[in-house]
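*Asks:* Please read through the structure below; I'll follow up with questions.
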Amino acid sequence: MGEEDGPGLFHHKKQTLIDEISGKIINGDLLTKIHAAREIRSMIRNRNSSDKIRTKLAAAGVIQPLVLMLYSRNHDAREVSLLALLNLASRNERNKEQIVTCGAIPPLVELLKFQNTNTLRELATASILTLSTASPNKKTIIDSGVIPLLIQILSCGTVQGRVDSVTALHNLLTSQQPPLIPDAKAIPPLINLLKECKKSSKFAEKTTSLIQIISQSEEGKSAITNTQDGILTLVETIEDGSLVSTEHAVTTLLTMCVSCRSKYRELILNEGAIPGLLRLTVYGSEEAQEKARTLLDLLRESSSEKRLSSSVLEKIVHDIASRVDGSDKTVETAKSLLQDMVQRSMEVGMSEIQIRASSSSSS
């Protein structure tokens with residue numbers, strides 16, 4: 001009998017504690033509310049059944065008073081309410097929607113404007129990120145005017161704030177078709193973040209996706225060329241990125257070259273794009289392969305009628321491979337031949353760079 005009563009008694013005590021906390025945060029004075037908000041966070045973090053705790057706390061009515069605490073002038077009140085709301089929203093779609101319905105977005109937007117309180121701004125950014133993962137919230141968040149503020153954080157936020165800002169922007173901008181194109185001011189910090197991160201990471205995939213979206217505007221294209229190592233960073237992503245990030249990078253360069261070949265062709269060639277593009281025609285996603293071929297054709301000398309297009313070159317390589325090793329090994333042999341061509345292209349490119357360097361030194 002005791003064993004049967006054990007779990008029931010435990011759940012009864014837990015529900016009693018939840019009721020006590022909700023009573024404090026609904027009816028207490030400011031200090032009592034602050035203490036109750038800390039208890040909410042502690043209760044969620046220290047329980048194995050945290051998912052159920054989140055649901056029970058929301059049902060007890062704690063979300064609305066926590067949202068109201070975001071308007072307080074008291075720093076501690078805002079910080080503990082942010083932390084409590086973050087914990088309530090984590091892995092709980094219904095709570096995310098309820099937090100937005102209760103009016104959390106306007107005070108969060110105001111907190112993003114804080115220049116002298118990194119902690120609150122970082123927590124507000126994390127909150128926008130968490131809430132933006134729920135589809136019903138996205139329009140409300142976008143309409144709040146949060147996009148320019150997230151772009152500001154890309155340049156002047158903490159490291160964690162910038163990472164969260166990229167992810168939040170990705171969640172919001174890719175939710176619309178066609179996607180909303182933000183200000184080109186986002187390009188320099190995005191390029192810098194892409195430089196610093198591993199090109200095959202999930203973060204690089206989100207960053208290149210944002211760069212691709214912004215490159216659809218003329219201001220975005222110009223910003224890429226005007227940012228130090230802007231095109232080079234995209235070329236490096238084509239060489240070292242994941243299937244997703246390479247596709248975004250080649251799409252961006254192709255968009256630029258298609259929009260004005262005379263303006264962007266030499267800039268792309270000067271950053272040594274050819275070897276990476278050749279490799280992409282073999283190892284990229286189906287869409288990336290096609291775009292790499294198209295870009296290679298745009299990059300070739302227009303005056304040379306005899307120069308082979310990338311699609312013709314690939315067909316010749318496959319024909320050679322089938323004759324050498326038979327149809328069974330055509331793809332494998334073709335890849336090997338193209339790899340060798342890429343390697344030779346890189347070696348020739350390095351030789352040309354060394355010759356130019358020597359010429360410059362002697363002159």
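Ligands are numbered from 1 in the order shown, residues from 1 within each chain, and chains are lettered A, B, ... in the order they appear in the structure tokens.
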Write out as a short mmCIF file (atom, residue, chain, number, x, y, z; two decimals) with N, CA, C and O atoms, in the first residue's frame the residues lying within 12 Å of stretch 286-302 of chain A, counting only C-alpha atoms and excluding same-chain residues fewer than 4 positions away.
*Replies:*
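Contents of around_33.cif, as written:
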```cif
data_model
loop_
_atom_site.label_atom_id
_atom_site.label_comp_id
_atom_site.auth_asym_id
_atom_site.auth_seq_id
_atom_site.Cartn_x
_atom_site.Cartn_y
_atom_site.Cartn_z
N VAL A 235 33.91 31.45 -52.02
CA VAL A 235 34.69 30.46 -52.78
C VAL A 235 35.23 29.38 -51.84
O VAL A 235 35.18 28.18 -52.15
N ILE A 238 32.53 26.99 -50.98
CA ILE A 238 32.30 26.02 -52.06
C ILE A 238 33.32 24.88 -51.97
O ILE A 238 32.99 23.72 -52.22
N GLU A 239 34.53 25.20 -51.56
CA GLU A 239 35.59 24.19 -51.48
C GLU A 239 35.46 23.30 -50.25
O GLU A 239 35.72 22.09 -50.32
N GLY A 241 32.67 23.44 -47.76
CA GLY A 241 31.38 23.41 -47.08
C GLY A 241 30.64 22.10 -47.20
O GLY A 241 31.06 21.17 -47.89
N SER A 242 29.52 22.03 -46.49
CA SER A 242 28.63 20.87 -46.58
C SER A 242 27.84 20.97 -47.88
O SER A 242 27.93 21.95 -48.62
N LEU A 243 27.04 19.95 -48.16
CA LEU A 243 26.20 19.99 -49.36
C LEU A 243 25.28 21.22 -49.36
O LEU A 243 25.06 21.85 -50.40
N VAL A 244 24.78 21.56 -48.18
CA VAL A 244 23.85 22.69 -48.07
C VAL A 244 24.57 24.02 -48.24
O VAL A 244 24.16 24.88 -49.03
N SER A 245 25.67 24.23 -47.51
CA SER A 245 26.35 25.52 -47.58
C SER A 245 27.01 25.75 -48.94
O SER A 245 27.04 26.88 -49.43
N THR A 246 27.51 24.68 -49.58
CA THR A 246 28.08 24.85 -50.91
C THR A 246 27.01 25.27 -51.91
O THR A 246 27.25 26.10 -52.79
N GLU A 247 25.81 24.72 -51.75
CA GLU A 247 24.72 25.08 -52.66
C GLU A 247 24.33 26.54 -52.49
O GLU A 247 24.10 27.26 -53.47
N HIS A 248 24.26 27.00 -51.24
CA HIS A 248 23.95 28.42 -51.00
C HIS A 248 25.05 29.31 -51.57
O HIS A 248 24.76 30.35 -52.17
N ALA A 249 26.31 28.91 -51.38
CA ALA A 249 27.43 29.75 -51.83
C ALA A 249 27.47 29.85 -53.35
O ALA A 249 27.65 30.95 -53.91
N VAL A 250 27.31 28.72 -54.04
CA VAL A 250 27.36 28.76 -55.51
C VAL A 250 26.14 29.50 -56.07
O VAL A 250 26.25 30.21 -57.08
N THR A 251 25.00 29.38 -55.41
CA THR A 251 23.81 30.12 -55.85
C THR A 251 24.04 31.62 -55.74
O THR A 251 23.64 32.39 -56.62
N THR A 252 24.70 32.04 -54.66
CA THR A 252 24.99 33.46 -54.47
C THR A 252 25.90 33.99 -55.58
O THR A 252 25.62 35.02 -56.19
N LEU A 253 27.00 33.27 -55.85
CA LEU A 253 27.93 33.70 -56.89
C LEU A 253 27.27 33.68 -58.27
O LEU A 253 27.51 34.57 -59.10
N LEU A 254 26.44 32.68 -58.51
CA LEU A 254 25.73 32.60 -59.79
C LEU A 254 24.76 33.77 -59.94
O LEU A 254 24.66 34.38 -61.01
N THR A 255 24.04 34.08 -58.88
CA THR A 255 23.11 35.22 -58.90
C THR A 255 23.84 36.51 -59.26
O THR A 255 23.35 37.32 -60.05
N MET A 256 25.01 36.68 -58.67
CA MET A 256 25.80 37.88 -58.94
C MET A 256 26.25 37.92 -60.40
O MET A 256 26.11 38.94 -61.07
N CYS A 257 26.77 36.80 -60.90
CA CYS A 257 27.31 36.75 -62.26
C CYS A 257 26.20 36.90 -63.31
O CYS A 257 26.39 37.56 -64.34
N VAL A 258 25.05 36.32 -63.06
CA VAL A 258 23.92 36.44 -63.98
C VAL A 258 23.42 37.88 -64.03
O VAL A 258 23.06 38.39 -65.10
N SER A 259 23.41 38.55 -62.88
CA SER A 259 22.88 39.92 -62.83
C SER A 259 23.75 40.90 -63.62
O SER A 259 23.23 41.82 -64.25
N CYS A 260 25.07 40.70 -63.58
CA CYS A 260 25.97 41.58 -64.33
C CYS A 260 27.31 40.87 -64.51
O CYS A 260 28.23 41.03 -63.71
N ARG A 261 27.39 40.10 -65.59
CA ARG A 261 28.59 39.29 -65.83
C ARG A 261 29.85 40.15 -65.93
O ARG A 261 30.90 39.81 -65.37
N SER A 262 29.77 41.30 -66.60
CA SER A 262 30.93 42.15 -66.79
C SER A 262 31.45 42.72 -65.48
O SER A 262 32.64 43.00 -65.34
N LYS A 263 30.56 42.87 -64.51
CA LYS A 263 30.95 43.45 -63.22
C LYS A 263 31.55 42.41 -62.28
O LYS A 263 32.53 42.69 -61.57
N TYR A 264 30.99 41.21 -62.29
CA TYR A 264 31.36 40.23 -61.26
C TYR A 264 32.28 39.10 -61.75
O TYR A 264 32.90 38.42 -60.94
N ARG A 265 32.36 38.90 -63.07
CA ARG A 265 33.11 37.75 -63.59
C ARG A 265 34.57 37.76 -63.13
O ARG A 265 35.07 36.79 -62.57
N GLU A 266 35.27 38.87 -63.37
CA GLU A 266 36.68 38.95 -63.01
C GLU A 266 36.88 38.85 -61.50
O GLU A 266 37.85 38.23 -61.03
N LEU A 267 35.97 39.45 -60.75
CA LEU A 267 36.08 39.41 -59.28
C LEU A 267 36.02 37.98 -58.77
O LEU A 267 36.77 37.59 -57.86
N ILE A 268 35.14 37.18 -59.36
CA ILE A 268 35.00 35.78 -58.94
C ILE A 268 36.20 34.97 -59.40
O ILE A 268 36.76 34.16 -58.65
N LEU A 269 36.64 35.19 -60.65
CA LEU A 269 37.80 34.46 -61.17
C LEU A 269 39.06 34.76 -60.36
O LEU A 269 39.87 33.87 -60.10
N ASN A 270 39.22 36.03 -59.97
CA ASN A 270 40.43 36.43 -59.25
C ASN A 270 40.56 35.77 -57.88
O ASN A 270 41.65 35.73 -57.31
N GLY A 272 39.99 32.60 -57.44
CA GLY A 272 40.31 31.19 -57.67
C GLY A 272 39.13 30.25 -57.54
O GLY A 272 39.23 29.17 -56.94
N ALA A 273 38.00 30.64 -58.13
CA ALA A 273 36.77 29.86 -57.96
C ALA A 273 36.73 28.58 -58.78
O ALA A 273 35.98 27.65 -58.44
N ILE A 274 37.53 28.50 -59.85
CA ILE A 274 37.39 27.39 -60.81
C ILE A 274 37.57 26.00 -60.19
O ILE A 274 36.73 25.11 -60.38
N PRO A 275 38.65 25.74 -59.43
CA PRO A 275 38.83 24.39 -58.88
C PRO A 275 37.66 23.92 -58.02
O PRO A 275 37.18 22.79 -58.15
N GLY A 276 37.18 24.80 -57.15
CA GLY A 276 36.04 24.44 -56.30
C GLY A 276 34.78 24.17 -57.09
O GLY A 276 34.01 23.26 -56.78
N LEU A 277 34.56 24.97 -58.13
CA LEU A 277 33.38 24.77 -58.98
C LEU A 277 33.46 23.46 -59.76
O LEU A 277 32.46 22.76 -59.91
N LEU A 278 34.66 23.15 -60.26
CA LEU A 278 34.83 21.87 -60.96
C LEU A 278 34.53 20.70 -60.03
O LEU A 278 33.86 19.73 -60.40
N ARG A 279 35.03 20.79 -58.81
CA ARG A 279 34.77 19.72 -57.82
C ARG A 279 33.28 19.63 -57.51
O ARG A 279 32.73 18.54 -57.33
N LEU A 280 32.62 20.78 -57.46
CA LEU A 280 31.20 20.81 -57.13
C LEU A 280 30.36 20.15 -58.21
O LEU A 280 29.29 19.58 -57.92
N THR A 281 30.82 20.18 -59.47
CA THR A 281 30.07 19.52 -60.55
C THR A 281 30.05 18.01 -60.38
O THR A 281 29.26 17.32 -61.01
N VAL A 282 30.93 17.49 -59.51
CA VAL A 282 30.99 16.05 -59.26
C VAL A 282 30.38 15.69 -57.91
O VAL A 282 29.60 14.74 -57.80
N LYS A 306 36.08 28.33 -79.12
CA LYS A 306 36.55 26.94 -79.07
C LYS A 306 36.59 26.40 -77.64
O LYS A 306 36.79 25.21 -77.45
N ARG A 307 36.44 27.28 -76.65
CA ARG A 307 36.52 26.81 -75.27
C ARG A 307 35.32 25.91 -74.94
O ARG A 307 34.19 26.22 -75.29
N LEU A 308 35.58 24.82 -74.26
CA LEU A 308 34.52 23.85 -73.97
C LEU A 308 33.61 24.34 -72.86
O LEU A 308 34.07 24.90 -71.88
N SER A 309 32.31 24.12 -73.00
CA SER A 309 31.40 24.38 -71.90
C SER A 309 31.55 23.28 -70.87
O SER A 309 32.02 22.19 -71.18
N SER A 310 31.14 23.56 -69.61
CA SER A 310 31.34 22.58 -68.54
C SER A 310 30.54 21.31 -68.80
O SER A 310 30.99 20.20 -68.49
N SER A 311 29.35 21.43 -69.39
CA SER A 311 28.54 20.24 -69.64
C SER A 311 29.17 19.36 -70.72
O SER A 311 29.16 18.14 -70.63
N VAL A 312 29.74 20.03 -71.77
CA VAL A 312 30.43 19.27 -72.81
C VAL A 312 31.66 18.59 -72.25
O VAL A 312 31.95 17.43 -72.53
N LEU A 313 32.41 19.32 -71.41
CA LEU A 313 33.61 18.76 -70.79
C LEU A 313 33.26 17.53 -69.96
O LEU A 313 33.92 16.49 -70.03
N GLU A 314 32.19 17.63 -69.19
CA GLU A 314 31.78 16.51 -68.35
C GLU A 314 31.39 15.30 -69.21
O GLU A 314 31.71 14.16 -68.88
N LYS A 315 30.70 15.57 -70.32
CA LYS A 315 30.28 14.46 -71.20
C LYS A 315 31.51 13.77 -71.80
O LYS A 315 31.57 12.54 -71.88
#
```
*Asks:* For A:Asn95, work out the shell of residues within 12 Å, counting only C-alpha atoms and skipping chain neighbours fewer than 2 positions away, then give it as an NGL selection string.
*Replies:* :A and (51-59 or 61-64 or 84-93 or 97-102 or 104 or 130-131 or 133-134 or 136-137)
*Asks:* Distance atom CA of A:Ser132-atom CA of A:Leu169, one decimal place?
*Replies:*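 Going from atom CA of A:Ser132 over to atom CA of A:Leu169, I get 8.9 Å.
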*Asks:* Can you work out which one of A:Ala223, A:Val159, A:Asp29, A:Met43 has the shortest atom-to-atom distance to A:Gln15, counting only C-alpha atoms?
*Replies:* A:Met43
*Asks:* Just to confirm, what's the straight-line distance from atom CA of A:Arg41 to atom CA of A:Leu120 in Å (one decimal)?
*Replies:*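 Pair atom CA of A:Arg41 / atom CA of A:Leu120 returns 16.4 Å.
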*Asks:* From the options A:Ser72, A:Ser50, A:Thr174, A:Thr16, which residue's atoms come nearest to A:Ile34, counting only C-alpha atoms?
*Replies:* A:Ser72
*Asks:* By how many Å are atom CA of A:Gln115 and atom CA of A:His170 apart?
*Replies:*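 Atom CA of A:His170 lies at a distance of 23.2 Å from atom CA of A:Gln115.
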*Asks:* Contacts of A:Ser144 at 8 Å or less, counting only C-alpha atoms, minus same-chain residues fewer than 5 places along, as an MDAnalysis selection string?
*Replies:* chainID A and resid 105:106 109
*Asks:* For each of A:Gly230, A:Gly220, A:Gly145, A:Gly103, take the minimum atom-to-atom distance to A:Ala184, counting only C-alpha atoms, then give the residue where this is smallest.
*Replies:*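 Ranked by minimum distance to A:Ala184, first place goes to A:Gly220.
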